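This report refers to the structure that appears directly beneath it.
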Amino acid sequence: MHRAPTRLRASALAAALITTLALAACQPNAPAITPPTTAKAACTTSTTRSIVVAESIVTNVRRLLAAAKADGVKLCGGGYRDSASQIAVRKANCGTTYYDVYEKPASQCTPPTAKPGTSQHEKGLAIDFESCETRTTACYKWLAKNAATYGLKNLPSEPWHWSTTGG
């Protein structure tokens, strides 16, 4: 009788170890991004909203928003997102399988969406501007003419996406 509980304990321990190793093997190999120090730039569409970006670009973003407002263009949008949020966006735009989230090329997602660990949003260096869905909007036209002055470039496949690299 003494041996049966020992075997059960050993068996349970082995099962737990196998489960732990299997889960560890399934973890993504996405590059780790250190979360940036962020700051807020007040939106010009509302007094209570802001765009969170890396501290390194917040002054330029504030200037961009002020210049747009002076020209009668009100801007707001989403900037920094943590890795969990990037994963959620990938699931929404690419699918929910491991392959969809971590391996599928961004170009096969609708709209194209960076893999977790590679997004400029995770670095706080990108903004998805609201009201810029197409190249015919006032938002896009103003940004296309002026954003480079403030260090932002457009991702050609997405009229709403502006970042320090254009990616």
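By order in the structure tokens, chains are A, B, ...; within a chain, residues start at 1; ligands start at 1, following the order shown.
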
For this session: Find the spatial neighbours of Pro36 in chain A, counting only C-alpha atoms, within a cut-off of 7 Å - ignore same-chain residues fewer than 2 positions away - and output them as a list in words.
Result: Thr34, Thr38, Ala54, Lys123 and Gly124 of chain A

Exercise. Quick one: residues within 6 Å of Trp160 in chain A, only C-alpha atoms counted, chain neighbours fewer than 4 positions away excluded, as a PyMOL selection string?
Worked result: chain A and resi 128-129+132-133

Only C-alpha atoms, please: the residues just picked out, written as a PDB file, in the first residue's frame.
ATOM      1  CA  ASP A 128      -3.885  55.482 -36.066  1.00  0.00           C
ATOM      2  CA  PHE A 129      -5.815  58.689 -36.710  1.00  0.00           C
ATOM      3  CA  CYS A 132      -8.539  59.159 -41.948  1.00  0.00           C
ATOM      4  CA  GLU A 133     -10.138  56.027 -43.411  1.00  0.00           C
TER       5      GLU A 133
END

For this session: Might you pull out every residue within 9 Å of Ala106 in chain A, with only C-alpha atoms counted and same-chain residues fewer than 6 positions away left off, and present them as number ranges by chain?
Result: A: 90, 94, 112-115

Keeping only N, CA and C atoms, write the selected residues as a PDB file, in the first residue's frame.
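Below is the file part_14.pdb, written as the result:
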ATOM      1  N   ARG A  90      -4.259  41.697 -33.552  1.00  0.00           N
ATOM      2  CA  ARG A  90      -3.920  40.625 -34.496  1.00  0.00           C
ATOM      3  C   ARG A  90      -5.044  39.596 -34.566  1.00  0.00           C
ATOM      4  N   CYS A  94      -6.500  39.159 -38.041  1.00  0.00           N
ATOM      5  CA  CYS A  94      -5.771  38.080 -38.710  1.00  0.00           C
ATOM      6  C   CYS A  94      -6.317  36.687 -38.432  1.00  0.00           C
ATOM      7  N   PRO A 112      -3.817  44.994 -42.930  1.00  0.00           N
ATOM      8  CA  PRO A 112      -2.499  44.487 -42.552  1.00  0.00           C
ATOM      9  C   PRO A 112      -2.185  44.900 -41.107  1.00  0.00           C
ATOM     10  N   THR A 113      -1.663  43.949 -40.337  1.00  0.00           N
ATOM     11  CA  THR A 113      -1.409  44.191 -38.914  1.00  0.00           C
ATOM     12  C   THR A 113      -0.086  43.551 -38.511  1.00  0.00           C
ATOM     13  N   ALA A 114       0.783  44.335 -37.869  1.00  0.00           N
ATOM     14  CA  ALA A 114       2.103  43.855 -37.465  1.00  0.00           C
ATOM     15  C   ALA A 114       2.004  42.725 -36.450  1.00  0.00           C
ATOM     16  N   LYS A 115       2.965  41.812 -36.531  1.00  0.00           N
ATOM     17  CA  LYS A 115       3.056  40.724 -35.557  1.00  0.00           C
ATOM     18  C   LYS A 115       3.404  41.321 -34.196  1.00  0.00           C
TER      19      LYS A 115
END

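For the atom pair formed by CA of Gly72 in chain A and CA of Ala41 in chain A, the distance is 17.6 Å, given to one decimal.
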
For this session: Choose the residue, out of A:Pro116, A:Pro156, A:Gly167, A:Pro105, that has the smallest atom-to-atom separation from Val89 in chain A; count only C-alpha atoms.
Result: A:Pro116

For this session: Show which residues sit within 9 Å of Glu122 in chain A, as JSON, numbers by chain. Count only C-alpha atoms, and ignore same-chain residues fewer than 6 positions away.
Result: {"A": [33, 34, 35, 36, 79, 80, 81, 82, 83, 85, 86, 116]}

Output for the residues just chosen: N, CA and C atoms as an mmCIF file, in the first residue's frame:
data_model
loop_
_atom_site.group_PDB
_atom_site.id
_atom_site.type_symbol
_atom_site.label_atom_id
_atom_site.label_comp_id
_atom_site.auth_asym_id
_atom_site.auth_seq_id
_atom_site.Cartn_x
_atom_site.Cartn_y
_atom_site.Cartn_z
ATOM 1 N N ILE A 33 9.607 43.722 -26.681
ATOM 2 C CA ILE A 33 9.699 45.173 -26.783
ATOM 3 C C ILE A 33 9.575 45.730 -25.381
ATOM 4 N N THR A 34 10.554 46.528 -25.001
ATOM 5 C CA THR A 34 10.481 47.192 -23.713
ATOM 6 C C THR A 34 9.474 48.321 -23.841
ATOM 7 N N PRO A 35 8.471 48.325 -22.974
ATOM 8 C CA PRO A 35 7.476 49.408 -23.070
ATOM 9 C C PRO A 35 8.148 50.773 -22.949
ATOM 10 N N PRO A 36 7.750 51.700 -23.810
ATOM 11 C CA PRO A 36 8.387 53.018 -23.765
ATOM 12 C C PRO A 36 7.851 53.855 -22.611
ATOM 13 N N GLY A 79 -2.546 55.735 -30.175
ATOM 14 C CA GLY A 79 -1.096 55.649 -30.316
ATOM 15 C C GLY A 79 -0.558 54.366 -29.715
ATOM 16 N N TYR A 80 0.109 54.518 -28.576
ATOM 17 C CA TYR A 80 0.750 53.382 -27.916
ATOM 18 C C TYR A 80 -0.263 52.294 -27.570
ATOM 19 N N ARG A 81 0.165 51.041 -27.795
ATOM 20 C CA ARG A 81 -0.600 49.896 -27.289
ATOM 21 C C ARG A 81 0.385 48.866 -26.749
ATOM 22 N N ASP A 82 0.031 48.261 -25.632
ATOM 23 C CA ASP A 82 0.892 47.242 -25.045
ATOM 24 C C ASP A 82 0.802 45.952 -25.856
ATOM 25 N N SER A 83 1.652 44.983 -25.512
ATOM 26 C CA SER A 83 1.695 43.753 -26.310
ATOM 27 C C SER A 83 0.379 42.983 -26.251
ATOM 28 N N SER A 85 -2.573 44.243 -26.111
ATOM 29 C CA SER A 85 -3.470 44.929 -27.050
ATOM 30 C C SER A 85 -3.091 44.620 -28.490
ATOM 31 N N GLN A 86 -1.793 44.512 -28.771
ATOM 32 C CA GLN A 86 -1.360 44.171 -30.131
ATOM 33 C C GLN A 86 -1.822 42.765 -30.487
ATOM 34 N N PRO A 116 2.927 40.690 -33.120
ATOM 35 C CA PRO A 116 3.307 41.152 -31.788
ATOM 36 C C PRO A 116 4.828 41.197 -31.653
#
